[in-house]
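In what follows, a structure is listed as structure tokens, so that the remarks can point back to it.
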Amino acid sequence: MKANDNRGVDADAAAGTFDLGQFLPYRLSVATSLVSKLFARHFAERFELTIAEWRILAVLGRVGTCSPTTVGEAAAMDKVKVSRATATMVDKGLLRQSADPNDGRGRLLRLTRKGTALHGRAVPVAQALEAAIAEGMTRAEWGALDKTLVLLIEHVGTIEGPGGAVPA
């Protein structure tokens, strides 16, 4: 579905009809915030994990050993957040860092036994929370949401042209 083209519309008139509550980026942000807070509370209480730590745990639990850059890309996290969370996880004994034999300056991350055990306990909680969220929708609605999110993510990735410029 294509959005209406507002070029040529009086800016003052358009601004007067703007409803933040109907603005997709705002609604996505609210939904994300609510879901993140739900997960953050459960993971902090049960496992003493932040959301960033949970994402790293989930990525490494799936792929095994990889670089912090790969973790960041897979978890949609910036380098600073990955660095801080991995440092905390190393201190907690959940991760082990080693030198990357293919890159003298690079590091590789992997779960320790303690991290692997925590991953095994945390995944069912994450799945249960996701199921609880899904209970608010029919199976068809949940499937449509999943497909729509995939399409949205793919499409938004194509909007910015070279150099990050939004096409006119």
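Labels used: A, B, ... for chains in the order of the structure tokens, numbers from 1 for residues in each chain, and numbers from 1 for ligands as shown.
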
### Query
Can you tell me, as number ranges by chain, what residues are no more than 8 Å from Leu108 in chain A when counting only C-alpha atoms, ignoring any on the same chain fewer than 2 positions away?
A: 65-68, 97-100, 106, 110

### Message
My list of candidates is A:Val80, A:Leu34, A:Leu94, A:Val150. Which is closest to Gly115 in chain A when distances are computed with only C-alpha atoms?
### Response
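Of the candidates, the smallest distance to Gly115 in chain A is held by A:Leu94.
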
### Message
Could you go through range 4-141 of chain A and tell me which residues DSSP, when run on the backbone, assigns to strand (DSSP E), listing them as an MDAnalysis selection string?
### Response
chainID A and resid 95:100 103:111

### Task
Find the residue from A:Lys92, A:Arg105, A:Lys81, A:Arg27 that sits nearest to Ile51 in chain A; use only C-alpha atoms when measuring.
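Between A:Lys92, A:Arg105, A:Lys81, A:Arg27, the residue approaching Ile51 in chain A most closely is A:Lys81.
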
### Atom pair CA of Ala44 in chain A / CA of Ser83 in chain A: separation (Å)
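According to the coordinates, CA of Ala44 in chain A and CA of Ser83 in chain A are separated by 19.2 Å.
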
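Considering only C-alpha atoms, the residue among A:Lys114, A:Arg55, A:Arg139, A:Arg62 positioned nearest to Val90 in chain A is A:Lys114.
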
### Task
Using only C-alpha atoms, pick whichever of A:Leu145, A:Ala76, A:Val125, A:Leu95 has the shortest atom-to-atom distance to Leu60 in chain A.
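Answer, going by the shortest atom-to-atom distance: A:Leu95.
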
### Query
With only C-alpha atoms as the basis for distance, which of A:Val35, A:Ala140, A:Leu149, A:Leu49 is at the shortest distance from Thr88 in chain A?
A:Leu49

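Comparing the minimum interatomic distances between Met89 in chain A and each of A:Met77, A:Ala132, A:Leu118, A:Leu151, counting only C-alpha atoms, we find that A:Leu118 sits nearest.
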
### Query
Counting only C-alpha atoms, what is within 12 Å of Gly120 in chain A, bar same-chain residues fewer than 2 positions away, as a count of residues only?
20

### Task
Quick one: pick out all helix (DSSP H, G or I) residues within chain A from a backbone DSSP run and write them as a ChimeraX atom specification.
/A:11-16,20-22,24-47,51-63,68-75,79-91,113-134,139-159,162-164

### Task
Extract, using only C-alpha atoms, all DNA, RNA and protein residues at most 8 Å from Ile56 in chain A, discarding same-chain residues fewer than 2 positions from it, and format them as a list in words.
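The residues satisfying every condition are Ala52, Glu53, Trp54, Ala58, Val59, Leu60, Val71, Ala75, Val82, Ala85 and Thr86 of chain A.
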